[in-house]
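Here is input-v6.tsv, consisting of TSV, C-alpha atoms:
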```tsv
chain	number	residue	atom	x	y	z
U	1	MET	CA	96.02	76.61	112.93
U	2	HIS	CA	98.60	78.60	114.89
U	3	VAL	CA	102.26	77.98	114.14
U	4	TYR	CA	104.74	79.02	116.85
U	5	ILE	CA	108.29	79.49	115.67
U	6	TYR	CA	110.72	79.32	118.61
U	7	ASP	CA	114.15	80.86	118.23
U	8	GLU	CA	117.20	78.72	118.89
U	9	TYR	CA	118.31	80.66	121.96
U	10	LEU	CA	115.15	79.66	123.85
U	11	ASN	CA	116.74	76.22	124.41
U	12	LYS	CA	118.86	77.80	127.15
U	13	ASN	CA	117.74	77.01	130.70
U	14	LYS	CA	117.37	80.66	131.67
U	15	TYR	CA	114.39	81.01	129.31
U	16	ASN	CA	112.57	77.85	130.49
U	17	ARG	CA	110.33	79.67	132.95
U	18	ALA	CA	109.25	82.33	130.45
U	19	VAL	CA	108.59	79.72	127.75
U	20	ASN	CA	106.56	77.62	130.21
U	21	ARG	CA	104.54	80.64	131.28
U	22	ALA	CA	103.69	81.40	127.65
U	23	GLU	CA	102.79	77.79	126.88
U	24	ILE	CA	100.52	77.48	129.92
U	25	ARG	CA	98.75	80.72	129.03
U	26	LEU	CA	98.32	79.62	125.39
U	27	THR	CA	96.81	76.32	126.58
U	28	ASP	CA	94.46	78.17	128.95
U	29	LEU	CA	93.30	80.37	126.09
U	30	GLY	CA	92.88	77.44	123.70
U	31	LEU	CA	95.54	78.78	121.37
U	32	ASN	CA	97.64	75.64	121.11
U	33	GLY	CA	99.31	74.99	117.82
U	34	LYS	CA	102.29	73.57	116.06
U	35	ILE	CA	105.73	74.38	117.48
U	36	ILE	CA	108.71	74.71	115.18
U	37	ARG	CA	112.18	75.19	116.71
U	38	LEU	CA	114.58	77.19	114.55
U	39	GLY	CA	117.55	75.34	116.04
U	40	GLY	CA	117.08	72.37	113.79
U	41	ILE	CA	116.05	74.25	110.65
U	42	LYS	CA	118.34	75.57	107.95
U	43	ASN	CA	115.67	76.65	105.45
U	44	ILE	CA	113.33	78.98	107.38
U	45	LYS	CA	111.77	80.30	104.19
U	46	GLY	CA	110.89	76.79	102.98
U	47	THR	CA	109.47	75.82	106.37
U	48	ILE	CA	107.26	78.92	106.63
U	49	GLN	CA	106.19	78.51	103.02
U	50	GLY	CA	105.09	74.96	103.81
U	51	GLU	CA	103.08	76.07	106.84
U	52	ILE	CA	101.32	78.84	104.91
U	53	LYS	CA	100.43	76.32	102.18
U	54	LEU	CA	99.04	73.99	104.85
U	55	GLY	CA	96.72	76.80	105.94
U	56	ALA	CA	98.43	78.41	108.95
U	57	LYS	CA	96.09	81.06	110.37
U	58	THR	CA	98.79	82.76	112.45
U	59	ILE	CA	102.57	82.57	112.31
U	60	VAL	CA	103.89	83.55	115.74
U	61	ALA	CA	107.52	84.58	116.25
U	62	VAL	CA	108.58	83.48	119.74
U	63	GLY	CA	111.86	85.18	120.67
U	64	ASN	CA	113.32	88.65	120.15
U	65	ASN	CA	113.88	91.27	117.42
U	66	GLU	CA	116.19	88.94	115.53
U	67	THR	CA	113.55	86.20	115.52
U	68	VAL	CA	110.88	88.57	114.19
U	69	ASN	CA	113.29	89.94	111.60
U	70	LYS	CA	114.19	86.44	110.33
U	71	ILE	CA	110.54	85.40	110.12
U	72	VAL	CA	109.34	88.61	108.44
U	73	SER	CA	112.10	88.33	105.81
U	74	ALA	CA	111.22	84.68	105.20
U	75	ILE	CA	107.50	85.50	104.83
U	76	ILE	CA	108.01	88.41	102.45
U	77	GLU	CA	110.52	86.59	100.28
U	78	SER	CA	108.43	83.43	100.26
U	79	ASP	CA	106.58	82.29	97.12
U	80	THR	CA	103.48	82.04	99.30
U	81	TYR	CA	103.52	85.73	100.33
U	82	GLY	CA	100.29	86.21	98.31
U	83	ASP	CA	98.56	83.54	100.41
U	84	PHE	CA	100.03	84.97	103.63
U	85	GLU	CA	98.70	88.41	102.72
U	86	LYS	CA	95.17	87.04	102.29
U	87	LYS	CA	94.89	84.45	105.05
U	88	THR	CA	97.67	84.63	107.61
U	89	LEU	CA	98.65	87.03	110.39
U	90	LEU	CA	101.96	87.58	112.11
U	91	GLY	CA	102.04	87.47	115.91
U	92	VAL	CA	104.90	88.03	118.34
U	93	ILE	CA	105.63	86.52	121.77
U	94	PRO	CA	108.64	88.39	123.20
U	95	ILE	CA	110.99	86.42	125.45
U	96	GLY	CA	114.27	87.77	126.80
U	97	ASP	CA	116.02	91.03	125.89
U	98	ASP	CA	116.06	93.07	122.64
U	99	ASN	CA	112.34	93.10	122.08
U	100	SER	CA	111.74	96.64	120.85
U	101	ILE	CA	109.63	95.40	117.93
U	102	ALA	CA	107.16	93.72	120.31
U	103	TYR	CA	107.17	96.86	122.46
U	104	SER	CA	106.32	98.98	119.39
U	105	LEU	CA	103.41	96.68	118.69
U	106	GLY	CA	102.15	97.16	122.24
U	107	ILE	CA	103.31	93.75	123.55
U	108	LYS	CA	105.24	94.03	126.82
U	109	ASN	CA	105.71	90.42	127.97
U	110	GLU	CA	104.99	86.81	127.04
U	111	GLU	CA	101.73	86.48	128.98
U	112	GLU	CA	100.28	89.70	127.60
U	113	ALA	CA	101.35	88.52	124.13
U	114	CYS	CA	99.10	85.45	124.50
U	115	ASN	CA	96.08	87.61	125.41
U	116	ILE	CA	96.84	89.85	122.43
U	117	LEU	CA	96.96	86.80	120.12
U	118	LEU	CA	93.50	85.86	121.34
U	119	ALA	CA	92.11	89.37	120.78
U	120	ARG	CA	93.47	89.38	117.18
U	121	ARG	CA	93.55	93.16	116.76
U	122	VAL	CA	95.12	93.51	113.31
U	123	GLU	CA	97.07	96.37	111.72
U	124	ARG	CA	98.47	96.39	108.22
U	125	ILE	CA	101.81	98.14	108.47
U	126	ASP	CA	104.67	99.36	106.30
U	127	ILE	CA	107.96	97.50	106.12
U	128	GLY	CA	111.37	99.17	105.75
U	129	LEU	CA	113.90	97.83	103.30
U	130	ALA	CA	117.63	98.55	103.69
U	131	GLY	CA	119.50	96.97	100.79
U	132	ASN	CA	118.19	93.37	100.89
U	133	HIS	CA	117.24	93.49	104.56
U	134	TYR	CA	113.68	94.06	105.71
U	135	PHE	CA	112.96	95.87	108.97
U	136	LEU	CA	109.85	96.44	111.01
U	137	ASN	CA	111.23	98.67	113.72
U	138	GLN	CA	114.30	100.72	112.82
U	139	ALA	CA	117.81	100.75	111.41
U	140	THR	CA	120.61	102.62	113.19
U	141	ILE	CA	124.12	103.83	112.39
U	142	PRO	CA	126.61	106.09	114.20
U	143	ALA	CA	125.89	109.66	113.09
U	144	SER	CA	129.44	110.91	112.63
U	145	GLY	CA	130.56	110.57	109.01
U	146	THR	CA	127.14	109.39	107.80
U	147	THR	CA	125.72	110.91	104.62
U	148	ILE	CA	122.09	110.65	103.54
U	149	GLU	CA	121.20	111.41	99.92
U	150	ILE	CA	117.53	112.20	99.21
U	151	ASP	CA	116.25	113.33	95.80
U	152	ASP	CA	118.63	116.14	94.83
U	153	TYR	CA	120.07	117.04	98.21
U	154	SER	CA	122.30	115.42	100.78
U	155	LEU	CA	122.79	115.62	104.55
U	156	GLU	CA	126.14	115.24	106.26
U	157	VAL	CA	126.46	114.82	110.01
U	158	LYS	CA	129.49	116.47	111.61
U	159	ASP	CA	129.19	115.35	115.25
U	160	GLY	CA	129.04	111.98	116.98
U	161	GLY	CA	125.74	110.49	118.05
U	162	GLU	CA	123.21	108.19	116.46
U	163	LEU	CA	121.17	108.24	113.29
U	164	LYS	CA	117.93	106.25	113.35
U	165	ILE	CA	115.76	105.30	110.39
U	166	ILE	CA	112.39	104.58	111.93
U	167	ASN	CA	109.43	102.63	110.60
U	168	LEU	CA	107.85	101.72	113.95
U	169	LEU	CA	108.70	103.87	116.95
U	170	SER	CA	109.97	101.81	119.91
U	171	ASP	CA	110.79	104.55	122.40
U	172	PRO	CA	107.70	106.18	123.91
U	173	LYS	CA	109.85	109.07	125.16
U	174	GLU	CA	110.65	110.20	121.62
U	175	THR	CA	108.96	113.47	120.78
U	176	ILE	CA	108.68	112.70	117.08
U	177	LYS	CA	105.65	111.17	115.43
U	178	SER	CA	106.00	107.93	113.51
U	179	ASN	CA	103.28	106.41	111.43
U	180	PRO	CA	103.84	102.93	109.94
U	181	HIS	CA	100.90	103.43	107.55
U	182	ASP	CA	102.10	106.56	105.71
U	183	GLY	CA	104.60	104.99	103.30
U	184	ARG	CA	107.42	107.12	104.72
U	185	LEU	CA	110.38	106.53	107.02
U	186	GLU	CA	111.44	108.96	109.73
U	187	ILE	CA	115.11	109.94	109.84
U	188	LEU	CA	116.13	111.05	113.33
U	189	ILE	CA	119.65	112.25	114.10
U	190	LYS	CA	120.60	112.91	117.71
U	191	THR	CA	124.12	114.16	118.31
U	192	ARG	CA	126.16	114.60	121.46
U	193	GLY	CA	125.61	118.35	121.20
U	194	LYS	CA	121.98	117.47	122.06
U	195	ASP	CA	120.67	118.90	118.84
U	196	GLN	CA	118.16	116.95	116.85
U	197	THR	CA	117.53	116.61	113.14
U	198	TYR	CA	114.29	115.16	111.90
U	199	LEU	CA	112.82	114.60	108.48
U	200	THR	CA	110.83	112.00	106.57
U	201	ALA	CA	111.48	110.36	103.20
U	202	LYS	CA	110.25	107.50	101.04
U	203	LYS	CA	113.57	106.51	99.55
U	204	PHE	CA	117.18	107.55	100.15
U	205	ARG	CA	120.77	106.35	100.19
U	206	VAL	CA	122.85	105.94	103.35
U	207	SER	CA	126.62	105.80	103.43
U	208	ASN	CA	129.28	105.74	106.09
U	209	PRO	CA	132.81	104.52	105.25
U	210	ASN	CA	133.53	103.46	108.85
U	211	HIS	CA	130.32	101.92	110.16
U	212	LYS	CA	127.64	99.42	109.21
U	213	LEU	CA	123.89	99.94	109.43
U	214	LEU	CA	122.28	97.83	112.16
U	215	VAL	CA	118.87	96.65	110.94
U	216	ASP	CA	116.22	95.88	113.60
U	217	GLY	CA	119.05	95.48	116.12
U	218	ALA	CA	119.77	92.12	114.49
U	219	VAL	CA	121.49	92.32	111.10
U	220	GLU	CA	124.53	94.42	110.13
U	221	ALA	CA	124.58	95.77	106.59
U	222	GLU	CA	127.51	97.37	104.76
U	223	THR	CA	126.90	100.84	103.30
U	224	PRO	CA	126.32	102.56	100.90
U	225	LEU	CA	122.85	101.17	100.44
U	226	GLU	CA	119.39	102.18	99.35
U	227	VAL	CA	116.75	102.47	102.03
U	228	SER	CA	113.06	102.54	101.18
U	229	VAL	CA	109.65	101.63	102.54
U	230	ILE	CA	107.00	99.23	101.27
U	231	LYS	CA	103.58	100.59	102.14
U	232	ASN	CA	101.08	98.40	104.02
U	233	LYS	CA	102.98	95.18	103.46
U	234	LEU	CA	102.36	93.09	106.58
U	235	ASN	CA	99.28	92.06	108.60
U	236	VAL	CA	100.37	91.97	112.20
U	237	ILE	CA	98.56	91.34	115.49
U	238	VAL	CA	99.00	94.31	117.82
U	239	GLY	CA	98.17	95.26	121.38
U	240	ARG	CA	95.98	98.14	122.54
U	241	ASP	CA	99.08	99.99	123.79
U	242	ARG	CA	100.90	100.01	120.47
U	243	LEU	CA	103.03	103.08	119.83
U	244	PHE	CA	101.19	104.23	116.71
U	245	GLU	CA	97.70	105.18	115.54
I	1	MET	CA	102.12	135.11	111.59
I	2	PHE	CA	104.63	134.52	114.31
I	3	SER	CA	107.18	136.16	116.49
I	4	LYS	CA	110.50	134.80	117.71
I	5	ASP	CA	108.91	133.87	121.01
I	6	ASN	CA	106.17	131.65	119.63
I	7	LYS	CA	108.49	129.56	117.45
I	8	PRO	CA	108.19	126.34	119.48
I	9	GLU	CA	104.38	126.49	119.40
I	10	LYS	CA	104.28	127.35	115.73
I	11	PHE	CA	106.87	124.72	114.81
I	12	LYS	CA	105.82	121.97	117.21
I	13	ASP	CA	104.67	120.01	114.19
I	14	ALA	CA	107.59	120.95	111.95
I	15	GLU	CA	107.90	118.55	109.04
I	16	THR	CA	111.66	119.00	108.94
I	17	ILE	CA	114.26	120.05	111.50
I	18	ILE	CA	117.88	120.45	110.45
I	19	GLY	CA	120.00	120.45	113.62
I	20	ALA	CA	123.18	122.45	114.25
I	21	SER	CA	125.48	119.51	113.52
I	22	VAL	CA	124.02	118.78	110.10
I	23	LYS	CA	124.98	120.28	106.75
I	24	VAL	CA	122.56	120.11	103.83
I	25	LYS	CA	123.77	120.48	100.24
I	26	GLY	CA	121.48	120.73	97.22
I	27	ASN	CA	117.93	121.78	96.47
I	28	PHE	CA	115.91	121.33	99.62
I	29	GLN	CA	112.17	121.49	99.10
I	30	GLY	CA	109.30	120.85	101.49
I	31	GLN	CA	105.58	121.35	101.92
I	32	GLY	CA	105.45	121.64	105.69
I	33	ASN	CA	107.12	123.85	108.28
I	34	ILE	CA	110.92	123.76	108.26
I	35	ILE	CA	113.40	124.67	111.01
I	36	ILE	CA	117.05	125.22	110.06
I	37	GLU	CA	119.58	125.39	112.91
I	38	GLY	CA	122.54	124.01	110.92
I	39	ALA	CA	124.16	124.76	107.55
I	40	LEU	CA	122.55	124.68	104.12
I	41	GLU	CA	124.02	125.27	100.67
I	42	GLY	CA	121.93	125.28	97.50
I	43	SER	CA	118.30	126.36	97.53
I	44	LEU	CA	115.51	126.19	100.10
I	45	LYS	CA	111.82	126.26	99.33
I	46	THR	CA	108.67	125.45	101.28
I	47	ASP	CA	104.98	126.12	100.77
I	48	ALA	CA	104.66	126.58	104.53
I	49	ASN	CA	106.67	128.40	107.22
I	50	LEU	CA	110.41	128.62	107.73
I	51	PHE	CA	112.40	129.30	110.89
I	52	ILE	CA	116.13	129.98	110.65
I	53	GLY	CA	117.94	129.77	113.99
I	54	ASP	CA	120.64	132.16	115.18
I	55	GLN	CA	123.48	129.64	114.65
I	56	ALA	CA	122.33	128.68	111.15
I	57	LYS	CA	124.44	129.47	108.08
I	58	VAL	CA	122.52	129.38	104.84
I	59	VAL	CA	124.03	129.96	101.40
I	60	ALA	CA	120.93	129.68	99.27
I	61	ASN	CA	118.00	131.47	97.71
I	62	ILE	CA	115.01	130.99	99.97
I	63	GLU	CA	111.27	130.90	99.32
I	64	ALA	CA	108.60	130.37	101.98
I	65	LYS	CA	105.16	131.52	103.06
I	66	ASP	CA	106.01	133.10	106.44
I	67	ALA	CA	109.66	133.20	107.52
I	68	MET	CA	111.54	134.06	110.71
I	69	VAL	CA	115.24	134.70	110.19
I	70	ASN	CA	117.77	134.84	113.04
I	71	GLY	CA	120.91	133.41	111.41
I	72	GLU	CA	123.22	134.22	108.51
I	73	ILE	CA	121.88	134.07	104.97
I	74	ARG	CA	123.87	134.59	101.78
I	75	GLY	CA	121.20	134.62	99.10
I	76	ASN	CA	117.83	136.17	98.33
I	77	ILE	CA	114.77	135.68	100.52
I	78	LYS	CA	111.22	135.71	99.27
I	79	ALA	CA	108.49	135.46	101.88
I	80	LYS	CA	105.05	135.43	100.27
I	81	GLY	CA	103.50	136.26	103.63
I	82	TYR	CA	105.13	137.68	106.73
I	83	LEU	CA	108.89	138.02	107.08
I	84	ALA	CA	110.34	138.55	110.57
I	85	ILE	CA	114.03	139.43	110.78
I	86	GLY	CA	115.49	138.95	114.27
I	87	ASN	CA	118.25	140.98	115.91
I	88	THR	CA	120.91	138.32	115.27
I	89	ALA	CA	120.11	138.01	111.55
I	90	LYS	CA	122.78	138.77	108.94
I	91	ILE	CA	121.39	138.86	105.43
I	92	PHE	CA	123.58	139.29	102.34
I	93	GLY	CA	121.03	139.37	99.52
I	94	ASP	CA	117.72	140.84	98.45
I	95	VAL	CA	114.62	140.52	100.58
I	96	GLN	CA	111.04	140.29	99.25
I	97	TYR	CA	108.02	140.20	101.54
I	98	SER	CA	104.33	140.97	101.88
I	99	GLU	CA	104.59	142.05	105.53
I	100	LEU	CA	107.84	142.79	107.32
I	101	SER	CA	109.32	143.34	110.76
I	102	ILE	CA	113.01	143.98	111.48
I	103	ASP	CA	114.50	143.88	114.98
I	104	LYS	CA	117.17	146.36	116.09
I	105	GLY	CA	120.64	144.91	115.45
I	106	ALA	CA	119.78	142.95	112.30
I	107	THR	CA	122.11	143.36	109.30
I	108	ILE	CA	120.76	143.50	105.75
I	109	ASN	CA	123.02	144.02	102.75
I	110	GLY	CA	120.69	144.02	99.77
I	111	GLN	CA	117.49	145.44	98.39
I	112	ILE	CA	114.30	145.31	100.39
I	113	LEU	CA	111.24	144.98	98.18
I	114	MET	CA	107.61	144.62	99.09
I	115	LEU	CA	105.73	142.09	97.01
I	116	THR	CA	102.96	144.14	95.43
I	117	GLU	CA	99.61	142.87	94.26
I	118	GLU	CA	101.10	143.17	90.77
I	119	HIS	CA	103.94	140.81	91.74
I	120	LYS	CA	101.47	138.35	93.20
I	121	ARG	CA	99.19	138.65	90.16
I	122	GLY	CA	102.25	138.20	87.93
I	123	GLU	CA	103.10	135.07	89.83
I	124	LYS	CA	99.56	133.77	89.50
I	125	THR	CA	99.64	134.56	85.77
I	126	LYS	CA	102.96	132.73	85.46
I	127	ILE	CA	101.52	129.69	87.22
I	128	ALA	CA	98.38	129.84	85.03
I	129	ASP	CA	100.57	130.22	81.91
I	130	SER	CA	102.71	127.25	82.86
I	131	ARG	CA	99.58	125.17	83.53
I	132	GLU	CA	98.16	126.23	80.18
I	133	MET	CA	101.41	125.32	78.45
I	134	LYS	CA	101.47	121.98	80.22
I	135	GLU	CA	97.87	121.27	79.23
I	136	THR	CA	98.63	122.26	75.61
I	137	ALA	CA	101.69	120.02	75.66
I	138	ASP	CA	99.56	117.18	77.11
I	139	ASP	CA	96.92	117.76	74.44
I	140	ASN	CA	99.55	117.60	71.73
I	141	GLN	CA	100.81	114.23	72.96
```
Just give me the structure of the file as structure tokens.
Amino acid sequence: MHVYIYDEYLNKNKYNRAVNRAEIRLTDLGLNGKIIRLGGIKNIKGTIQGEIKLGAKTIVAVGNNETVNKIVSAIIESDTYGDFEKKTLLGVIPIGDDNSIAYSLGIKNEEEACNILLARRVERIDIGLAGNHYFLNQATIPASGTTIEIDDYSLEVKDGGELKIINLLSDPKETIKSNPHDGRLEILIKTRGKDQTYLTAKKFRVSNPNHKLLVDGAVEAETPLEVSVIKNKLNVIVGRDRLFE
Amino acid sequence: MFSKDNKPEKFKDAETIIGASVKVKGNFQGQGNIIIEGALEGSLKTDANLFIGDQAKVVANIEAKDAMVNGEIRGNIKAKGYLAIGNTAKIFGDVQYSELSIDKGATINGQILMLTEEHKRGEKTKIADSREMKETADDNQ
């Protein structure tokens, strides 16, 4: 059974056409399933747990980065994570803006997402953890004033710009390599002076007294906090054009 | 081996790049190629190759396989392989190498020592000794 979890914002009229397109395509492909709308649900974890117990074959996040982030966190923190790991896959149908996670997974729009669900090409990927917040894609923070402490050294950034902690690369123009199977996170610092700093680490501490860390473009987290990676944690359905090997 | 010109090719797959606006403090250790364009204080060690850019300021003892130095270094450098010192390099410390090239204009304030076979053998013996000691310690546990 497929379980489609629709984010609350999809109730807005402007998304009707995209939602309809996805639903028609899913029907054509014989991928109909149960629809759960997050708008009326307070306990996402409990709901997902119930669906996994009932034997959901695929949990599909329908929405944007925030939707995926909420659902991934609920799955991983759920008591039924063990069952999910063995029997269930995570799929994504991107609708609207802020869909870099879907893009990283090789899913460009809602109709393509349906075809990808049918093909069921599966990758087991790492998950980032910043404090208590899980992330699939990346966490970002303004570079100026940010300190990273790794093992017995630290990095301080003097100029303005952006610091990215990457699990899954979402920008195909980036020249760095990112591998969500290697149990490491990429730290990429791009400053206004156009210079670039790049390194990888398994675990480190981020702090910035003036700014919060933005996790998967959805959740803001106060620093200082520990950032780490959990190797091969999630089975996810991906497209052929995913941005990783 | 490398020259200043082939740095991008050689370091295309650099494991670590420290940009000009970043300062590193502490003991920085890597296994892959490292590029330093910014500041570093502490120590710097890699089993692979090291490139130090002309704007870099390093206050550290350095160990690498092959190394290309163009910036300012206050500390000793040990290159187990080839050490290339560019014309903008300013080195305040001792330099050890197996093979060496120095461009006109480079400044070196320190001793320049070639790593002899004896040094290398000594190093191998030290490593073997430490392994032996570790194994003995493990056996005793």
Contacts between chain I and chain U, please, where a residue of chain U counts if it comes within 10 Å (with all atoms listed in the file); show its shortest atom pair and distance in Å to one decimal, rows by chain and ascending number, as a Markdown table.
```
| residue | atom | partner | partner_atom | distance |
| --- | --- | --- | --- | --- |
| U:Ala143 | CA | I:Val22 | CA | 9.8 |
| U:Ser144 | CA | I:Ser21 | CA | 9.5 |
| U:Thr147 | CA | I:Lys23 | CA | 9.6 |
| U:Ile148 | CA | I:Val24 | CA | 9.5 |
| U:Glu149 | CA | I:Lys25 | CA | 9.4 |
| U:Ile150 | CA | I:Phe28 | CA | 9.3 |
| U:Asp151 | CA | I:Asn27 | CA | 8.6 |
| U:Asp152 | CA | I:Gly26 | CA | 5.9 |
| U:Tyr153 | CA | I:Gly26 | CA | 4.1 |
| U:Ser154 | CA | I:Lys25 | CA | 5.3 |
| U:Leu155 | CA | I:Val24 | CA | 4.6 |
| U:Glu156 | CA | I:Lys23 | CA | 5.2 |
| U:Val157 | CA | I:Val22 | CA | 4.7 |
| U:Lys158 | CA | I:Ser21 | CA | 5.4 |
| U:Asp159 | CA | I:Ser21 | CA | 5.8 |
| U:Gly160 | CA | I:Ser21 | CA | 9.0 |
| U:Thr175 | CA | I:Lys12 | CA | 9.7 |
| U:Ile176 | CA | I:Asp13 | CA | 8.8 |
| U:Lys177 | CA | I:Asp13 | CA | 9.0 |
| U:Ile187 | CA | I:Thr16 | CA | 9.7 |
| U:Leu188 | CA | I:Ile17 | CA | 9.4 |
| U:Ile189 | CA | I:Gly19 | CA | 8.2 |
| U:Lys190 | CA | I:Gly19 | CA | 8.6 |
| U:Thr191 | CA | I:Ser21 | CA | 7.3 |
| U:Arg192 | CA | I:Ser21 | CA | 9.4 |
| U:Gly193 | CA | I:Ser21 | CA | 7.8 |
| U:Lys194 | CA | I:Gly19 | CA | 9.2 |
| U:Asp195 | CA | I:Gly19 | CA | 5.5 |
| U:Gln196 | CA | I:Gly19 | CA | 5.1 |
| U:Thr197 | CA | I:Gly19 | CA | 4.6 |
| U:Tyr198 | CA | I:Ile17 | CA | 4.9 |
| U:Leu199 | CA | I:Thr16 | CA | 4.6 |
| U:Thr200 | CA | I:Thr16 | CA | 7.4 |
```
Got time to write the residues from that selection, C-alpha atoms, as a compact mmCIF listing (two decimals), in the frame of the given file?
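Output contents, as saved in result-v6.txt:
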```
# COMPACT_ATOMS: atom_id res chain seq x y z
CA ALA U 143 125.89 109.66 113.09
CA SER U 144 129.44 110.91 112.63
CA THR U 147 125.72 110.91 104.62
CA ILE U 148 122.09 110.65 103.54
CA GLU U 149 121.20 111.41 99.92
CA ILE U 150 117.53 112.20 99.21
CA ASP U 151 116.25 113.33 95.80
CA ASP U 152 118.63 116.14 94.83
CA TYR U 153 120.07 117.04 98.21
CA SER U 154 122.30 115.42 100.78
CA LEU U 155 122.79 115.62 104.55
CA GLU U 156 126.14 115.24 106.26
CA VAL U 157 126.46 114.82 110.01
CA LYS U 158 129.49 116.47 111.61
CA ASP U 159 129.19 115.35 115.25
CA GLY U 160 129.04 111.98 116.98
CA THR U 175 108.96 113.47 120.78
CA ILE U 176 108.68 112.70 117.08
CA LYS U 177 105.65 111.17 115.43
CA ILE U 187 115.11 109.94 109.84
CA LEU U 188 116.13 111.05 113.33
CA ILE U 189 119.65 112.25 114.10
CA LYS U 190 120.60 112.91 117.71
CA THR U 191 124.12 114.16 118.31
CA ARG U 192 126.16 114.60 121.46
CA GLY U 193 125.61 118.35 121.20
CA LYS U 194 121.98 117.47 122.06
CA ASP U 195 120.67 118.90 118.84
CA GLN U 196 118.16 116.95 116.85
CA THR U 197 117.53 116.61 113.14
CA TYR U 198 114.29 115.16 111.90
CA LEU U 199 112.82 114.60 108.48
CA THR U 200 110.83 112.00 106.57
```
Atom CA of U:Pro224 to atom CA of U:Ala139, distance in Å rounded to a single decimal: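 So the answer is 13.6 Å.
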Neighbour list for U:Asn167 as a CSV table (one decimal) with C-alpha atoms, in the frame of the given file, cut-off 7 Å, all atoms listed in the file, skip fewer than 2 positions in-chain:
```
chain,number,residue,atom,x,y,z
U,127,ILE,CA,108.0,97.5,106.1
U,128,GLY,CA,111.4,99.2,105.8
U,136,LEU,CA,109.8,96.4,111.0
U,137,ASN,CA,111.2,98.7,113.7
U,138,GLN,CA,114.3,100.7,112.8
U,165,ILE,CA,115.8,105.3,110.4
U,169,LEU,CA,108.7,103.9,117.0
U,178,SER,CA,106.0,107.9,113.5
U,180,PRO,CA,103.8,102.9,109.9
U,185,LEU,CA,110.4,106.5,107.0
U,186,GLU,CA,111.4,109.0,109.7
```
Could you tell me how far atom CA of U:Ala119 sits from atom CA of U:Tyr81, in Å to one decimal place?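 Straight-line distance from atom CA of U:Tyr81 to atom CA of U:Ala119 works out to 23.7 Å.
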Axis-aligned box for stretch 51-70 of chain U, 6 Å per side, centre and edges in Å as JSON:
```
{"center_x": 106.1, "center_y": 82.6, "center_z": 111.4, "size_x": 32.1, "size_y": 29.3, "size_z": 30.5}
```
Kindly provide, as a list in words, the polymer residues lying within 7 Å of (115.2, 134.8, 96.2), counting all atoms listed in the file and using the coordinates exactly as they appear in the file. Asn61, Ile62, Glu63, Gly75, Asn76, Ile77, Lys78 and Asp94 of chain I
Residue subset to file, keeping C-alpha atoms, as an mmCIF file, in the frame of the given file:
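For reference, result-v1.cif as written:
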```cif
data_model
loop_
_atom_site.group_PDB
_atom_site.id
_atom_site.type_symbol
_atom_site.label_atom_id
_atom_site.label_comp_id
_atom_site.auth_asym_id
_atom_site.auth_seq_id
_atom_site.Cartn_x
_atom_site.Cartn_y
_atom_site.Cartn_z
ATOM 1 C CA ASN I 61 118.000 131.470 97.710
ATOM 2 C CA ILE I 62 115.010 130.990 99.970
ATOM 3 C CA GLU I 63 111.270 130.900 99.320
ATOM 4 C CA GLY I 75 121.200 134.620 99.100
ATOM 5 C CA ASN I 76 117.830 136.170 98.330
ATOM 6 C CA ILE I 77 114.770 135.680 100.520
ATOM 7 C CA LYS I 78 111.220 135.710 99.270
ATOM 8 C CA ASP I 94 117.720 140.840 98.450
#
```
Can you tell me which residues surround I:Lys65 at a distance of at most 7 Å, considering only C-alpha atoms, apart from same-chain residues fewer than 5 positions away, and format the answer as a PyMOL selection string? chain I and resi 47-49+79-81
Grab the atom CA of U:Val62 to atom CA of U:Tyr4 distance for me, in Å with one decimal place. 6.6 Å
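Taking all atoms listed in the file into account, U:Ile35 lies nearest to U:His2 out of the set U:Ile52, U:Leu225, U:Lys14, U:His2.
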Just want the 9 Å neighbourhood of U:Ser73, counted on all atoms listed in the file, with same-chain residues fewer than 6 positions away dropped. Output as a ChimeraX atom specification. /U:45,133-135
Would you mind telling me which residue in U:Ile95, U:Val215, U:Ala201, U:Val60 lies nearest to U:Asn11 when using only C-alpha atoms?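 Under the stated criterion, the closest residue is U:Ile95.
Across U:Leu29, U:Val227, U:Cys114, U:Pro209, the tightest approach to U:Ile166 is made by U:Val227 when counting all atoms listed in the file.
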